[in-house]
file coords-v2.cif (mmCIF, C-alpha atoms and all ligand atoms)
data_work
loop_
_atom_site.label_atom_id
_atom_site.label_comp_id
_atom_site.auth_asym_id
_atom_site.auth_seq_id
_atom_site.Cartn_x
_atom_site.Cartn_y
_atom_site.Cartn_z
CA MET D 1 139.88 41.10 121.29
CA LEU D 2 140.12 40.19 117.62
CA LEU D 3 137.67 42.92 116.81
CA LEU D 4 139.70 45.46 118.73
CA LEU D 5 142.85 44.48 116.86
CA LEU D 6 141.11 44.77 113.54
CA LEU D 7 139.90 48.22 114.43
CA THR D 8 143.35 49.28 115.54
CA ASN D 9 144.98 48.10 112.36
CA ALA D 10 142.31 49.71 110.27
CA PHE D 11 143.20 53.28 111.20
CA VAL D 12 144.12 55.29 108.22
CA LEU D 13 146.13 58.37 108.72
CA LEU D 14 144.61 60.71 106.26
CA PRO D 15 147.58 61.61 104.00
CA TRP D 16 148.77 58.27 102.79
CA ALA D 17 147.46 58.06 99.29
CA GLY D 18 148.03 61.65 98.26
CA ALA D 19 145.87 63.65 95.94
CA GLY D 20 142.19 63.56 95.15
CA ARG D 21 139.43 65.24 97.11
CA ILE D 22 136.93 65.23 99.88
CA ILE D 23 134.23 62.57 99.63
CA GLY D 24 130.69 63.81 99.02
CA GLY D 25 131.72 67.45 98.92
CA CYS D 26 131.49 70.26 96.41
CA VAL D 27 134.10 72.30 94.61
CA ALA D 28 134.89 75.33 96.76
CA LYS D 29 134.33 78.75 95.23
CA PRO D 30 137.87 79.69 94.09
CA HIS D 31 139.76 81.53 96.85
CA SER D 32 136.78 81.52 99.24
CA ARG D 33 139.05 79.88 101.84
CA PRO D 34 142.19 82.01 101.53
CA TYR D 35 143.71 80.46 104.68
CA MET D 36 144.03 77.03 103.03
CA ALA D 37 147.56 75.72 102.57
CA TYR D 38 148.61 72.81 100.38
CA LEU D 39 151.59 70.95 101.83
CA GLU D 40 154.04 69.03 99.66
CA ILE D 41 156.07 66.69 101.85
CA GLN D 42 159.17 65.17 100.29
CA THR D 43 161.02 62.23 101.82
CA GLY D 44 163.70 60.93 99.47
CA SER D 45 161.98 60.27 96.15
CA GLN D 46 158.51 60.08 97.72
CA THR D 47 156.09 62.97 97.80
CA SER D 48 152.97 63.08 99.93
CA ARG D 49 150.41 65.82 100.33
CA CYS D 50 148.49 67.28 103.21
CA GLY D 51 146.36 70.26 104.06
CA GLY D 52 147.16 73.02 106.48
CA PHE D 53 146.06 76.56 107.24
CA LEU D 54 147.71 79.93 107.66
CA ILE D 55 147.44 81.39 111.17
CA ARG D 56 150.24 84.02 110.84
CA PRO D 57 151.95 85.30 107.68
CA ASP D 58 154.89 83.08 108.66
CA THR D 59 153.11 80.13 110.32
CA VAL D 60 150.95 77.25 109.08
CA LEU D 61 149.16 74.79 111.36
CA SER D 62 148.77 71.14 110.31
CA ALA D 63 148.74 67.55 111.60
CA ALA D 64 151.98 66.13 113.05
CA HIS D 65 151.61 62.80 111.24
CA CYS D 66 151.99 64.67 107.93
CA VAL D 67 155.65 65.47 108.62
CA ASP D 68 156.56 62.68 111.05
CA LYS D 69 158.48 60.46 108.63
CA GLU D 70 161.69 58.49 108.50
CA GLY D 71 164.71 60.23 107.01
CA ALA D 72 165.18 63.75 105.75
CA VAL D 73 161.89 65.56 105.17
CA ARG D 74 161.37 68.68 103.09
CA VAL D 75 158.12 70.59 103.27
CA THR D 76 156.83 73.19 100.84
CA VAL D 77 153.68 75.20 101.44
CA ILE D 78 151.51 76.47 98.59
CA LEU D 79 149.14 79.30 99.47
CA GLY D 80 146.51 81.00 97.34
CA ALA D 81 145.77 77.88 95.28
CA HIS D 82 142.50 76.64 93.82
CA ASN D 83 143.63 74.20 91.13
CA ILE D 84 146.84 72.80 92.54
CA SER D 85 147.88 71.38 89.15
CA ALA D 86 147.57 74.72 87.38
CA GLN D 87 150.11 77.55 87.27
CA GLU D 88 147.92 80.09 89.03
CA GLN D 89 149.09 83.70 89.44
CA SER D 90 147.59 83.65 92.92
CA GLN D 91 149.81 80.85 94.19
CA GLN D 92 152.66 81.51 96.61
CA LYS D 93 155.07 78.61 96.98
CA ILE D 94 157.13 78.82 100.15
CA PRO D 95 159.70 76.37 101.56
CA VAL D 96 159.23 75.64 105.26
CA GLY D 97 162.30 76.45 107.34
CA GLN D 98 161.41 74.63 110.54
CA TRP D 99 158.55 72.91 112.28
CA VAL D 100 157.59 72.06 115.82
CA ILE D 101 155.72 68.83 116.47
CA HIS D 102 153.89 68.66 119.79
CA PRO D 103 156.32 67.09 122.31
CA GLU D 104 153.71 64.54 123.37
CA TYR D 105 152.69 63.55 119.86
CA SER D 106 152.52 59.79 119.51
CA SER D 107 152.20 58.27 116.08
CA ALA D 108 151.01 54.95 117.50
CA GLY D 109 147.91 56.37 119.12
CA THR D 110 147.64 59.47 116.95
CA LYS D 111 147.62 61.59 120.10
CA ASN D 112 148.45 65.31 120.07
CA ASP D 113 148.49 65.29 116.27
CA ILE D 114 149.55 68.89 115.74
CA VAL D 115 152.50 70.69 114.13
CA LEU D 116 153.42 74.33 113.58
CA LEU D 117 155.34 75.03 110.37
CA LYS D 118 157.34 78.23 110.16
CA VAL D 119 158.81 79.88 107.11
CA CYS D 120 161.71 82.33 107.17
CA LEU D 121 160.66 85.90 107.81
CA LYS D 122 161.98 86.95 104.39
CA GLN D 123 159.67 84.41 102.76
CA ARG D 124 156.53 84.95 104.76
CA ALA D 125 153.21 85.04 102.95
CA MET D 126 152.06 88.18 101.18
CA ILE D 127 148.58 88.81 102.51
CA ASN D 128 146.06 89.69 99.79
CA ASN D 129 142.56 88.63 98.62
CA ASN D 130 143.72 85.08 97.95
CA VAL D 131 145.98 84.56 100.95
CA GLN D 132 144.78 85.33 104.47
CA CYS D 133 145.11 84.06 108.02
CA ILE D 134 142.31 82.40 109.98
CA SER D 135 141.75 82.85 113.71
CA ILE D 136 142.03 79.79 115.90
CA ALA D 137 139.73 78.78 118.76
CA LYS D 138 140.83 80.10 122.16
CA GLU D 139 141.36 77.85 125.15
CA ASN D 140 137.87 78.64 126.49
CA GLU D 141 136.12 78.23 123.10
CA ARG D 142 135.39 74.51 123.09
CA VAL D 143 133.19 73.56 120.15
CA GLU D 144 130.19 71.49 121.27
CA GLU D 145 128.08 68.67 119.87
CA GLY D 146 125.73 69.79 117.10
CA ALA D 147 127.92 72.64 115.85
CA GLU D 148 127.86 73.02 112.04
CA CYS D 149 131.34 73.15 110.61
CA SER D 150 133.13 72.70 107.32
CA VAL D 151 136.29 71.00 106.15
CA SER D 152 138.17 71.60 102.91
CA GLY D 153 141.03 69.92 101.17
CA TRP D 154 142.62 68.53 98.05
CA GLY D 155 142.31 64.92 99.30
CA GLN D 156 140.67 61.91 97.65
CA ILE D 157 137.15 62.16 96.23
CA SER D 158 136.45 58.44 96.68
CA VAL D 159 137.79 55.58 98.77
CA THR D 160 139.32 54.10 95.62
CA GLY D 161 141.39 57.18 94.98
CA GLN D 162 139.84 59.15 92.17
CA ARG D 163 141.65 62.46 91.82
CA SER D 164 140.76 66.10 91.43
CA ASP D 165 143.02 69.13 91.42
CA VAL D 166 140.66 71.70 92.83
CA LEU D 167 139.83 72.54 96.43
CA MET D 168 136.76 70.71 97.72
CA GLU D 169 134.66 71.49 100.77
CA VAL D 170 132.10 69.67 102.85
CA GLU D 171 129.79 70.56 105.74
CA LEU D 172 130.03 68.35 108.82
CA LYS D 173 128.56 68.31 112.31
CA VAL D 174 130.32 67.92 115.64
CA GLN D 175 129.14 64.59 117.08
CA ASN D 176 128.63 63.16 120.53
CA GLU D 177 132.01 62.05 121.93
CA GLN D 178 130.64 58.65 122.83
CA ILE D 179 130.40 57.74 119.16
CA CYS D 180 134.17 58.18 118.76
CA GLU D 181 134.92 56.53 122.10
CA GLN D 182 133.12 53.43 120.90
CA VAL D 183 134.95 53.26 117.60
CA PHE D 184 138.45 54.41 118.57
CA HIS D 185 139.87 53.07 121.83
CA ASN D 186 142.43 55.89 122.00
CA TYR D 187 139.89 58.69 121.59
CA GLN D 188 140.39 61.52 124.10
CA CYS D 189 137.57 64.01 124.63
CA GLN D 190 139.74 66.84 125.90
CA SER D 191 142.18 66.91 122.99
CA MET D 192 140.09 65.57 120.09
CA ILE D 193 136.81 66.42 118.33
CA CYS D 194 134.42 63.78 117.05
CA VAL D 195 133.00 64.90 113.70
CA GLY D 196 131.01 63.51 110.82
CA ASP D 197 127.95 62.93 108.75
CA ALA D 198 126.03 60.06 110.35
CA TYR D 199 124.89 58.85 106.91
CA SER D 200 128.56 58.45 105.90
CA LYS D 201 128.00 60.20 102.62
CA LYS D 202 130.42 63.02 103.36
CA SER D 203 133.87 62.89 104.82
CA PRO D 204 137.41 64.12 104.56
CA TYR D 205 139.71 61.32 103.40
CA LYS D 206 143.27 60.54 102.45
CA GLY D 207 145.11 63.71 101.52
CA ASP D 208 142.85 65.93 103.61
CA SER D 209 144.88 65.50 106.79
CA GLY D 210 145.97 68.68 108.46
CA GLY D 211 143.11 70.72 107.01
CA PRO D 212 141.02 72.88 109.32
CA LEU D 213 137.60 72.19 110.79
CA VAL D 214 136.04 75.64 110.53
CA CYS D 215 133.08 76.48 112.75
CA ASN D 216 131.71 80.00 112.88
CA LYS D 217 134.70 81.37 110.90
CA LYS D 218 137.31 80.04 113.33
CA ALA D 219 139.57 77.01 113.04
CA HIS D 220 138.52 74.57 115.78
CA GLY D 221 140.03 71.31 114.56
CA ILE D 222 142.78 69.70 112.48
CA ALA D 223 141.86 66.65 110.35
CA SER D 224 143.64 63.72 111.99
CA TYR D 225 142.24 60.27 111.26
CA VAL D 226 139.32 58.14 110.05
CA HIS D 227 138.62 54.45 109.89
CA THR D 228 139.70 52.76 106.64
CA TYR D 229 136.31 51.29 105.88
CA ASN D 230 133.83 53.53 107.68
CA LEU D 231 133.68 57.18 106.74
CA PHE D 232 131.96 57.96 110.02
CA PRO D 233 133.01 59.23 112.47
CA GLU D 234 136.23 61.19 111.96
CA VAL D 235 138.65 62.49 114.55
CA PHE D 236 140.04 66.02 114.55
CA THR D 237 142.69 67.49 116.86
CA ARG D 238 140.93 69.94 119.21
CA ILE D 239 142.67 73.30 118.75
CA SER D 240 141.22 74.96 121.88
CA TYR D 241 143.01 72.39 124.05
CA PHE D 242 146.34 73.19 122.37
CA GLU D 243 145.91 76.96 122.15
CA PRO D 244 148.25 77.77 125.10
CA TRP D 245 150.96 75.60 123.50
CA ILE D 246 150.41 77.26 120.10
CA ARG D 247 150.72 80.76 121.64
CA LYS D 248 153.94 79.74 123.35
CA GLN D 249 155.46 78.54 120.06
CA LEU D 250 154.39 81.74 118.29
CA ARG D 251 156.13 83.82 120.98
CA ARG D 252 159.24 81.73 120.51
CA PHE D 253 159.11 82.29 116.74
CA ALA D 254 158.75 86.04 117.30
CA LEU D 255 161.87 86.04 119.48
CA GLN D 256 163.81 84.20 116.78
CA ASP D 257 162.90 86.96 114.36
CA THR D 258 164.01 89.80 116.63
CA PRO D 259 167.42 90.95 115.34
CA GLY D 260 170.12 90.59 117.96
CA SER D 261 168.13 88.24 120.16
CA PRO D 262 169.90 85.04 121.16
CA PHE D 263 167.25 83.12 119.22
CA SER D 264 167.76 84.91 115.89
CA GLU D 265 167.98 82.81 112.76
C1 LIG D 301 143.54 71.97 86.70
O1 LIG D 301 144.61 72.42 85.93
C2 LIG D 301 145.14 71.46 85.03
C3 LIG D 301 146.39 72.06 84.39
O2 LIG D 301 146.14 73.30 83.82
C4 LIG D 301 144.05 71.06 84.04
O3 LIG D 301 144.54 70.09 83.16
C5 LIG D 301 142.85 70.52 84.81
O4 LIG D 301 141.79 70.25 83.93
C6 LIG D 301 142.38 71.53 85.85
N1 LIG D 301 141.35 70.88 86.67
C7 LIG D 301 140.14 71.40 86.83
C8 LIG D 301 139.18 70.59 87.63
O5 LIG D 301 139.80 72.47 86.38
#

call {"tool": "encode", "arguments": {"input": "coords-v2.cif", "output": "structure tokens"}}
result
Amino acid sequence: MLLLLLLTNAFVLLPWAGAGRIIGGCVAKPHSRPYMAYLEIQTGSQTSRCGGFLIRPDTVLSAAHCVDKEGAVRVTVILGAHNISAQEQSQQKIPVGQWVIHPEYSSAGTKNDIVLLKVCLKQRAMINNNVQCISIAKENERVEEGAECSVSGWGQISVTGQRSDVLMEVELKVQNEQICEQVFHNYQCQSMICVGDAYSKKSPYKGDSGGPLVCNKKAHGIASYVHTYNLFPEVFTRISYFEPWIRKQLRRFALQDTPGSPFSE
């Protein structure tokens, strides 16, 4: 029982410490992942950072725990970035107008860790070489054990919090679900993906939350949580399971944007 409690308390939601980069990864070729979004989340005087990814010119997908905070929260999305500390011509900085957290999201168990962020139509992203949408896995496209995928982010480069400003990427494999079931008592096969490098040399970490797990050019997962002390395995939100819910929200957004509709902004 003591062991179980220790494990439970040792969860680390990926965004807590803010900037830095992926552990064991490489610097991404600038703008090779034009769907990547950098999220600045402001609560009072505190700023935290997360990853996300563009799925429509007006919609970014990320992890719910990134925006689930006490008090008034303001979210800004930066698209087209490579070095987030530099004033790059390619960057588009867009305030998020509204977001929809999954109704069954639970912060305690990190279940249904998914959020859709929508910007006003007037401020939607300009699609160009540096800013593009990525397709998401369909309901029937469940990624299986052994699949080779990649994760990218501006999160921490080491457990101790060394920083970098540029986008990092790392290759990771989808793992057998049993590995995650053993480590995380709340792991759910249908809605989560168990991912990692069994040698624990490579991993997303704090600040990488909300970034996409990309397999075969499609977003299949959303970085959700890892253990504080072990870099293996990591849990991602399984997009295919949530695809019907995502479609429904996108239809609702489209209605909001139709002039004269009762849902208009
Ligand atoms: C990122 O940009 C900042 C500000 O221009 C610069 O000081 C820093 O060295 C850059 N980082 C890298 C890794 O190029």

call {"tool": "residues_near_ligand", "arguments": {"input": "coords-v2.cif", "ligand": "ligand LIG 301 (chain D)", "cutoff": "10 Å", "atoms": "only C-alpha atoms and all ligand atoms", "output": "ChimeraX atom specification"}}
result
/D:27,82-88,163-167

call {"tool": "closest_residue", "arguments": {"input": "coords-v2.cif", "among": "D:Ile246, D:His31, D:Ile222, D:Cys215", "to": "Glu141 of chain D", "atoms": "all atoms listed in the file"}}
result
D:Cys215

call {"tool": "closest_atom_pairs", "arguments": {"input": "coords-v2.cif", "of": "segment 18-72 of chain D", "to": "segment 99-103 of chain D", "cutoff": "12 Å", "atoms": "all atoms listed in the file", "output": "Markdown table"}}
result
| residue | atom | partner | partner_atom | distance |
| --- | --- | --- | --- | --- |
| D:Asp58 | CA | D:Trp99 | CA | 11.4 |
| D:Thr59 | CA | D:Trp99 | CA | 9.3 |
| D:Val60 | CA | D:Trp99 | CA | 9.3 |
| D:Leu61 | CA | D:Trp99 | CA | 9.6 |
| D:Ser62 | CA | D:Ile101 | CA | 9.6 |
| D:Ala63 | CA | D:Ile101 | CA | 8.6 |
| D:Ala64 | CA | D:Ile101 | CA | 5.7 |
| D:His65 | CA | D:Ile101 | CA | 9.0 |
| D:Cys66 | CA | D:Ile101 | CA | 10.2 |
| D:Val67 | CA | D:Ile101 | CA | 8.5 |
| D:Asp68 | CA | D:Ile101 | CA | 8.2 |
| D:Lys69 | CA | D:Ile101 | CA | 11.8 |

call {"tool": "closest_residue", "arguments": {"input": "coords-v2.cif", "among": "D:Val115, D:Ser135, D:Thr47, D:Thr258", "to": "Val214 of chain D", "atoms": "only C-alpha atoms"}}
result
D:Ser135

call {"tool": "atom_distance", "arguments": {"input": "coords-v2.cif", "atom1": "atom CA of Ser240 of chain D", "atom2": "atom CA of Ser224 of chain D"}}
result
15.2 Å

call {"tool": "residues_around", "arguments": {"input": "coords-v2.cif", "residues": "Val119 of chain D", "least_positions_apart": "5", "cutoff": "10 Å", "atoms": "all atoms listed in the file", "output": "PyMOL selection string"}}
result
chain D and resi 57-60+76-77+94-99+124-125+253

call {"tool": "residues_around", "arguments": {"input": "coords-v2.cif", "residues": "Gln182 of chain D", "least_positions_apart": "4", "cutoff": "12 Å", "atoms": "all atoms listed in the file", "output": "ChimeraX atom specification"}}
result
/D:4,7,176-178,186-188,194,232-233

call {"tool": "atom_distance", "arguments": {"input": "coords-v2.cif", "atom1": "atom CA of His220 of chain D", "atom2": "atom CA of Glu148 of chain D"}}
result
11.4 Å

call {"tool": "closest_residue", "arguments": {"input": "coords-v2.cif", "among": "D:Asp197, D:Asp113, D:Glu104, D:Glu181", "to": "Ser150 of chain D", "atoms": "all atoms listed in the file"}}
result
D:Asp197

call {"tool": "residues_around", "arguments": {"input": "coords-v2.cif", "residues": "Asn129 of chain D", "least_positions_apart": "4", "cutoff": "10 Å", "atoms": "all atoms listed in the file", "output": "list of chain:residue names"}}
result
D:His31, D:Ser32, D:Arg33, D:Pro34, D:Gly80, D:Ser90

call {"tool": "residues_near_point", "arguments": {"input": "coords-v2.cif", "point": "(143.2, 73.2, 119.0)", "cutoff": "8 Å", "atoms": "all atoms listed in the file", "output": "PyMOL selection string"}}
result
chain D and resi 136-139+191+219-222+237-243

call {"tool": "atom_distance", "arguments": {"input": "coords-v2.cif", "atom1": "atom CA of Gln92 of chain D", "atom2": "atom CA of Ile78 of chain D"}}
result
5.5 Å

call {"tool": "residues_around", "arguments": {"input": "coords-v2.cif", "residues": "segment 36-44 of chain D", "least_positions_apart": "6", "cutoff": "6 Å", "atoms": "all atoms listed in the file", "output": "PyMOL selection string"}}
result
chain D and resi 50-53+72-79

call {"tool": "closest_residue", "arguments": {"input": "coords-v2.cif", "among": "D:Asn128, D:Ser107, D:Gln91, D:Ser152", "to": "Lys202 of chain D", "atoms": "all atoms listed in the file"}}
result
D:Ser152

call {"tool": "residues_around", "arguments": {"input": "coords-v2.cif", "residues": "Leu54 of chain D", "least_positions_apart": "2", "cutoff": "6 Å", "atoms": "all atoms listed in the file", "output": "PyMOL selection string"}}
result
chain D and resi 35+56+60+133
